[in-house]
Each structure stands twice: as C-alpha cells, then as structure tokens.
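Just target_0.tsv here, TSV, C-alpha atoms:
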chain	number	residue	atom	x	y	z
A	151	MET	CA	-11.95	-10.96	-5.66
A	152	LYS	CA	-10.89	-9.20	-8.80
A	153	ALA	CA	-8.63	-10.61	-11.43
A	154	LEU	CA	-5.18	-9.16	-11.72
A	155	GLN	CA	-4.10	-8.26	-15.19
A	156	LEU	CA	-0.40	-8.48	-15.97
A	157	SER	CA	1.48	-6.85	-18.78
A	158	ARG	CA	4.23	-8.34	-20.81
A	159	LEU	CA	7.01	-8.99	-18.27
A	160	ALA	CA	7.07	-11.20	-15.31
A	161	ALA	CA	5.26	-8.52	-13.47
A	162	LEU	CA	3.98	-9.40	-10.05
A	163	THR	CA	1.36	-7.86	-8.05
A	164	ALA	CA	0.02	-7.07	-5.16
A	165	ALA	CA	-1.47	-4.37	-3.42
A	166	ALA	CA	-2.37	-3.70	-0.18
A	167	ALA	CA	-4.72	-2.39	2.24
A	168	LEU	CA	-5.92	-2.80	5.50
A	169	PRO	CA	-12.52	-4.52	7.83
A	170	ILE	CA	-13.61	-4.28	11.30
A	171	ALA	CA	-14.71	-1.06	12.76
A	172	LEU	CA	-17.08	0.80	14.92
A	173	ALA	CA	-19.37	2.14	12.20
A	174	ALA	CA	-20.66	1.15	8.79
A	175	PRO	CA	-17.67	0.22	6.62
A	176	ALA	CA	-16.48	2.29	3.70
A	177	SER	CA	-15.56	0.02	0.81
A	178	ALA	CA	-13.59	0.78	-2.34
A	179	ALA	CA	-13.01	-1.32	-5.43
A	180	THR	CA	-10.14	0.50	-7.09
A	181	ALA	CA	-8.17	-0.22	-10.24
A	182	VAL	CA	-4.46	0.38	-9.67
A	183	THR	CA	-1.93	0.75	-12.48
A	184	PHE	CA	1.69	0.08	-11.57
A	185	ASP	CA	4.29	1.78	-13.77
A	186	CYS	CA	7.25	-0.63	-13.83
A	187	GLN	CA	10.83	-0.53	-15.07
A	188	ALA	CA	12.74	-3.80	-15.44
A	189	ASN	CA	16.49	-3.25	-15.58
A	190	ALA	CA	17.49	-6.19	-17.77
A	191	PRO	CA	21.22	-6.70	-18.37
A	192	ILE	CA	22.40	-6.25	-21.95
A	193	VAL	CA	18.86	-5.47	-23.12
A	194	GLY	CA	18.59	-2.37	-20.95
A	195	PRO	CA	15.59	-0.86	-19.12
A	196	GLN	CA	12.21	-2.21	-20.17
A	197	HIS	CA	9.02	-0.35	-19.27
A	198	VAL	CA	5.89	-2.31	-18.52
A	199	SER	CA	2.62	-1.78	-16.69
A	200	LEU	CA	0.67	-3.93	-14.26
A	201	ASN	CA	-3.02	-3.41	-13.58
A	202	GLN	CA	-4.77	-4.60	-10.45
A	203	ASP	CA	-8.34	-4.26	-9.16
A	204	THR	CA	-8.45	-4.27	-5.38
A	205	ASP	CA	-11.37	-4.29	-2.93
A	206	VAL	CA	-10.50	-2.35	0.23
A	207	THR	CA	-12.72	-2.00	3.29
A	208	ALA	CA	-12.24	0.44	6.16
A	209	PRO	CA	-14.56	2.03	8.72
A	210	ALA	CA	-16.30	5.21	7.60
A	211	THR	CA	-15.72	6.72	11.05
A	212	VAL	CA	-13.78	5.79	14.15
A	213	ALA	CA	-13.62	7.33	17.61
A	214	PRO	CA	-10.42	9.13	18.69
A	215	GLY	CA	-7.98	6.62	20.15
A	216	ALA	CA	-10.10	3.62	19.13
A	217	ALA	CA	-8.76	0.40	17.66
A	218	PHE	CA	-9.83	-0.61	14.16
A	219	ASP	CA	-8.78	-2.88	11.30
A	220	ILE	CA	-8.32	-2.48	7.56
A	221	VAL	CA	-8.21	-5.59	5.33
A	222	ILE	CA	-7.29	-6.64	1.79
A	223	ASP	CA	-7.73	-10.02	0.12
A	224	PRO	CA	-5.59	-10.01	-3.06
A	225	ALA	CA	-6.86	-11.81	-6.13
A	226	PRO	CA	-5.15	-14.89	-7.65
A	227	ASN	CA	-2.76	-14.26	-10.48
A	228	THR	CA	-0.77	-16.23	-13.05
A	229	VAL	CA	2.86	-15.54	-13.91
A	230	PRO	CA	3.33	-15.32	-17.70
A	231	ALA	CA	4.95	-18.42	-19.18
A	232	GLU	CA	6.57	-16.42	-21.98
A	233	VAL	CA	7.46	-12.78	-22.62
A	234	SER	CA	8.54	-11.45	-26.01
A	235	GLY	CA	9.45	-14.98	-27.13
A	236	ASN	CA	11.52	-15.65	-24.02
A	237	LYS	CA	10.53	-18.25	-21.42
A	238	VAL	CA	9.85	-16.81	-17.98
A	239	LYS	CA	11.63	-19.05	-15.48
A	240	ASN	CA	10.37	-17.36	-12.33
A	241	ILE	CA	9.76	-14.21	-10.41
A	242	ASN	CA	11.30	-13.83	-6.96
A	243	THR	CA	12.25	-11.50	-4.10
A	244	PHE	CA	8.87	-9.76	-3.90
A	245	ALA	CA	8.28	-6.70	-1.70
A	246	LEU	CA	5.17	-4.51	-1.56
A	247	LYS	CA	5.17	-1.36	0.59
A	248	ILE	CA	2.10	-0.02	2.40
A	249	PRO	CA	2.45	3.24	4.38
A	250	ILE	CA	1.00	3.33	7.87
A	251	PRO	CA	-1.72	5.97	7.37
A	252	ALA	CA	-1.29	9.42	8.87
A	253	ASN	CA	-3.38	10.05	12.00
A	254	SER	CA	-3.09	6.39	13.00
A	255	SER	CA	-0.57	4.17	14.74
A	256	TYR	CA	0.38	0.59	13.90
A	257	VAL	CA	-0.42	-2.16	16.40
A	258	GLY	CA	0.15	-5.33	14.38
A	259	ALA	CA	-0.87	-7.30	11.31
A	260	ASP	CA	-2.12	-10.78	10.46
A	261	LEU	CA	-1.52	-12.70	7.23
A	262	THR	CA	-3.90	-15.48	6.25
A	263	GLY	CA	-4.25	-17.63	3.16
A	264	GLY	CA	-2.08	-17.25	0.12
A	265	SER	CA	-0.78	-20.00	-2.15
A	266	GLY	CA	1.90	-20.81	-4.70
A	267	LEU	CA	4.41	-18.39	-3.19
A	268	GLY	CA	7.31	-20.77	-2.55
A	269	SER	CA	8.46	-22.62	0.53
A	270	THR	CA	9.04	-19.55	2.71
A	271	PRO	CA	5.81	-17.94	3.97
A	272	PRO	CA	5.25	-14.22	3.36
A	273	ALA	CA	5.97	-11.87	6.23
A	274	ILE	CA	5.26	-8.26	7.15
A	275	SER	CA	7.85	-5.94	8.64
A	276	VAL	CA	7.42	-2.32	9.69
A	277	ALA	CA	10.06	0.40	9.64
A	278	ASN	CA	9.96	4.18	9.31
A	279	GLY	CA	6.18	4.26	9.04
A	280	VAL	CA	5.97	1.73	6.19
A	281	ALA	CA	4.74	-1.89	6.31
A	282	THR	CA	6.43	-4.21	3.78
A	283	LEU	CA	4.87	-7.48	2.63
A	284	SER	CA	7.68	-9.70	1.35
A	285	PHE	CA	8.64	-13.24	0.44
A	286	PRO	CA	11.57	-14.77	-1.49
A	287	GLY	CA	9.63	-17.07	-3.83
A	288	PRO	CA	10.39	-18.17	-6.44
A	289	ILE	CA	7.13	-18.45	-8.39
A	290	ALA	CA	7.63	-20.38	-11.62
A	291	GLY	CA	6.61	-18.91	-14.95
A	292	GLY	CA	3.14	-20.05	-16.01
A	293	SER	CA	2.06	-20.91	-12.45
A	294	THR	CA	-0.81	-19.45	-10.43
A	295	PHE	CA	-0.29	-17.81	-7.06
A	296	GLU	CA	-2.30	-15.82	-4.53
A	297	LEU	CA	-0.98	-13.28	-2.06
A	298	PRO	CA	-2.18	-13.59	1.54
A	299	THR	CA	-4.98	-11.57	3.05
A	300	VAL	CA	-3.52	-8.74	5.13
A	301	THR	CA	-5.34	-7.48	8.20
A	302	ALA	CA	-3.70	-4.40	9.71
A	303	HIS	CA	-4.58	-3.51	13.30
A	304	LEU	CA	-4.40	0.24	13.90
A	305	THR	CA	-5.26	2.83	16.53
A	306	ALA	CA	-6.89	6.09	15.51
A	307	GLY	CA	-5.28	9.41	16.36
A	308	SER	CA	-7.04	12.31	18.05
A	309	SER	CA	-8.53	13.95	14.96
A	310	GLY	CA	-8.43	14.24	11.18
A	311	THR	CA	-8.80	11.59	8.49
A	312	ILE	CA	-7.07	8.28	7.83
A	313	GLU	CA	-6.36	7.46	4.19
A	314	THR	CA	-5.35	4.07	2.79
A	315	LYS	CA	-2.80	4.23	-0.03
A	316	LEU	CA	0.16	2.35	-1.49
A	317	ALA	CA	3.76	3.55	-1.32
A	318	GLY	CA	5.87	4.57	-4.29
A	319	THR	CA	6.30	7.72	-6.36
A	320	SER	CA	8.91	6.76	-9.00
A	321	TYR	CA	11.32	4.05	-10.19
A	322	SER	CA	13.83	5.34	-7.64
A	323	ASP	CA	11.16	5.39	-4.91
A	324	PRO	CA	9.23	2.19	-5.72
A	325	GLY	CA	6.28	0.75	-3.85
A	326	LEU	CA	6.65	-2.69	-5.46
A	327	THR	CA	9.87	-4.53	-6.32
A	328	PHE	CA	10.72	-8.03	-7.55
A	329	ASN	CA	13.16	-9.88	-9.81
A	330	ALA	CA	12.07	-11.42	-13.11
A	331	VAL	CA	14.20	-14.27	-14.50
A	332	ALA	CA	13.84	-15.16	-18.18
A	333	SER	CA	15.58	-17.69	-20.44
A	334	THR	CA	16.95	-16.03	-23.59
A	335	ILE	CA	19.18	-17.06	-26.48
A	336	ILE	CA	22.14	-15.69	-24.53
A	337	GLY	CA	21.22	-17.46	-21.29
A	338	ASP	CA	19.20	-16.64	-18.22
A	339	LEU	CA	18.73	-12.93	-17.49
A	340	THR	CA	17.60	-11.51	-14.15
A	341	ALA	CA	15.86	-8.14	-14.35
A	342	PRO	CA	15.38	-6.26	-11.06
A	343	THR	CA	12.02	-4.53	-11.43
A	344	ALA	CA	10.79	-1.39	-9.68
A	345	CYS	CA	7.17	-0.23	-9.81
A	346	PHE	CA	5.04	2.57	-8.43
A	347	PRO	CA	1.28	3.25	-8.61
A	348	ASN	CA	0.61	5.81	-11.35
A	349	PRO	CA	-1.70	7.45	-10.50
A	350	SER	CA	-1.72	6.57	-6.81
A	351	PRO	CA	-5.34	6.28	-5.63
A	352	VAL	CA	-6.75	6.79	-2.16
A	353	PHE	CA	-8.54	3.50	-1.46
A	354	THR	CA	-10.53	4.54	1.60
A	355	THR	CA	-10.94	7.54	3.90
A	356	THR	CA	-11.89	7.16	7.56
A	357	THR	CA	-12.98	10.18	9.59
A	358	ILE	CA	-11.93	10.38	13.23
A	359	GLY	CA	-14.73	11.73	15.36
Structure rendered as structure tokens:
Amino acid sequence: MKALQLSRLAALTAAAALPIALAAPASAATAVTFDCQANAPIVGPQHVSLNQDTDVTAPATVAPGAAFDIVIDPAPNTVPAEVSGNKVKNINTFALKIPIPANSSYVGADLTGGSGLGSTPPAISVANGVATLSFPGPIAGGSTFELPTVTAHLTAGSSGTIETKLAGTSYSDPGLTFNAVASTIIGDLTAPTACFPNPSPVFTTTTIG
C-alpha cells in the first residue's frame, strides 16, 4: 500500500486497476499525478494537483478467450482539515473512471474493504466501455478514508495486448470528479472538481497468446 499525497484542496483520490491469471503476474507500482481544476464560486477556477502511488497487478500473458482478473487495493488517505486558511467541511460525490481495456471484455467486478466513505457503500457501474467507481460520501475534512479494493473480471480477446489505464484527458473530459465543500468568511462554498491523469501512465500490459 502506498501513501496518497494530496495537494492543497480537498482533493480526493483514487485510482484504479484491475491479480489472478494464467501466468506469472506483471506488477506495476506507478506514481500518478492528477491535474485538477476546482470551479469555486466567486473565487473562480483553482488549479491543484493530486499525486497517488498505485500497485497494479495483471497477468503477463493470457490465452485467447481466457478469463482473468486485474486488481487494485487503494491506499488510505486523509482529507485536509484546512485549505488556504479555510476549513474543509467535506468532500462528496466521488466518481473515478476506469476504461475497460481494449482487446478484452468486461464480465463483472467485486469491491471489498474500504472505510470512512459515508453511509452509502461504493458501487461500480459500466457504460460505454468505462467502469465508474462512485459513492456519495460525504467524507469530513481531516478524516481518514480508504477506497475499496477493486477486482475486475475480464475475458481476453483473440489477439493483441491488454493495457490498464485510467480515463481522462482534460478538465472537460475528466477521469476523476468530486465536490469539495469549504467554510469561508462568506459562507460555505462548494467547488465541483474535475481531474485527469497528466501524464496518463500504462499500469500493466498483458499479451494475448
């Protein structure tokens, strides 16, 4: 488990990924930097970054048409209690997008563990080739939380390679979104925040064959 490092805003985290396979596993411990823009009312857009180290394990090879798993166990994290002199009340409405890798098909996913995420458990939904891990929260400022372990069950295609990545290419095409609520001298402000991995690493590569 690697420690998540948060910048100055109520930046959340997460990341994603997808171990069981037919051959020796290919593991990757990758540092991901999320480029985030918080659209705070009155104050205007605020740019922040969020760094996360993530261990991802996938099979090095898989037979055509075979079933396999990819898994991630996110590290614990602590929401900042204060940002720029303003108290962070909470972060909420979290969504992290994980593309279903090319040359594979989605079968299902399991979520295990996780803590401090609010009364509604996280869930995964899949649409248009993208899996989204989401939960409403809230997570109070200054508190510690841990995202659940995600195990994605996939089926290999007929040939090629299968790459594990995160979604998101820009603020308008984010891979991670959440709301940050802060107490200020003019009252509570809610800043919808959009993030994307910059650069966007390939966590693992599995060869079909």
Worksheet item: When you draw a straight line from atom CA of A:Thr207 to atom CA of A:Asp219, how long is it in Å?
Response: 9.0 Å
Worksheet entry | Given only C-alpha atoms as the counted atoms, nearest of A:Gly266, A:Ile250, A:Val300, A:Asp260 to A:Ala281 |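 Under the stated criterion, the closest residue is A:Ile250.
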Excluding same-chain residues fewer than 4 positions from stretch 293-299 of chain A, what lies within 9 Å of it counting all atoms listed in the file, as a short mmCIF file (atom, residue, chain, number, x, y, z; two decimals) with C-alpha atoms, keeping the file's coordinate frame?
data_model
loop_
_atom_site.label_atom_id
_atom_site.label_comp_id
_atom_site.auth_asym_id
_atom_site.auth_seq_id
_atom_site.Cartn_x
_atom_site.Cartn_y
_atom_site.Cartn_z
CA THR A 163 1.36 -7.86 -8.05
CA ALA A 164 0.02 -7.07 -5.16
CA ALA A 166 -2.37 -3.70 -0.18
CA VAL A 221 -8.21 -5.59 5.33
CA ILE A 222 -7.29 -6.64 1.79
CA ASP A 223 -7.73 -10.02 0.12
CA PRO A 224 -5.59 -10.01 -3.06
CA ALA A 225 -6.86 -11.81 -6.13
CA PRO A 226 -5.15 -14.89 -7.65
CA ASN A 227 -2.76 -14.26 -10.48
CA THR A 228 -0.77 -16.23 -13.05
CA VAL A 229 2.86 -15.54 -13.91
CA PRO A 230 3.33 -15.32 -17.70
CA ALA A 231 4.95 -18.42 -19.18
CA ASP A 260 -2.12 -10.78 10.46
CA LEU A 261 -1.52 -12.70 7.23
CA THR A 262 -3.90 -15.48 6.25
CA GLY A 263 -4.25 -17.63 3.16
CA GLY A 264 -2.08 -17.25 0.12
CA SER A 265 -0.78 -20.00 -2.15
CA GLY A 266 1.90 -20.81 -4.70
CA LEU A 267 4.41 -18.39 -3.19
CA PRO A 272 5.25 -14.22 3.36
CA ILE A 289 7.13 -18.45 -8.39
#
Discussion item. I need the residue nearest A:Val198 from this list: A:Leu283, A:Ala317, A:Ala344, A:Lys247. Use all atoms listed in the file for the distance.
Written reply: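 That would be A:Ala344, the residue with the smallest distance to A:Val198.
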Discussion item. Restricting the calculation to all atoms listed in the file: of A:Gly194, A:Pro288, A:Ser199, A:Thr243, which residue gets closest to A:Asn329?
Written reply: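 Under the stated criterion, the closest residue is A:Thr243.
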Worksheet item: Could you state the separation of atom CA of A:Pro191 and atom CA of A:Leu339 in Å, given to one decimal place?
Response: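 About the pair atom CA of A:Pro191 and atom CA of A:Leu339: they are 6.8 Å apart.
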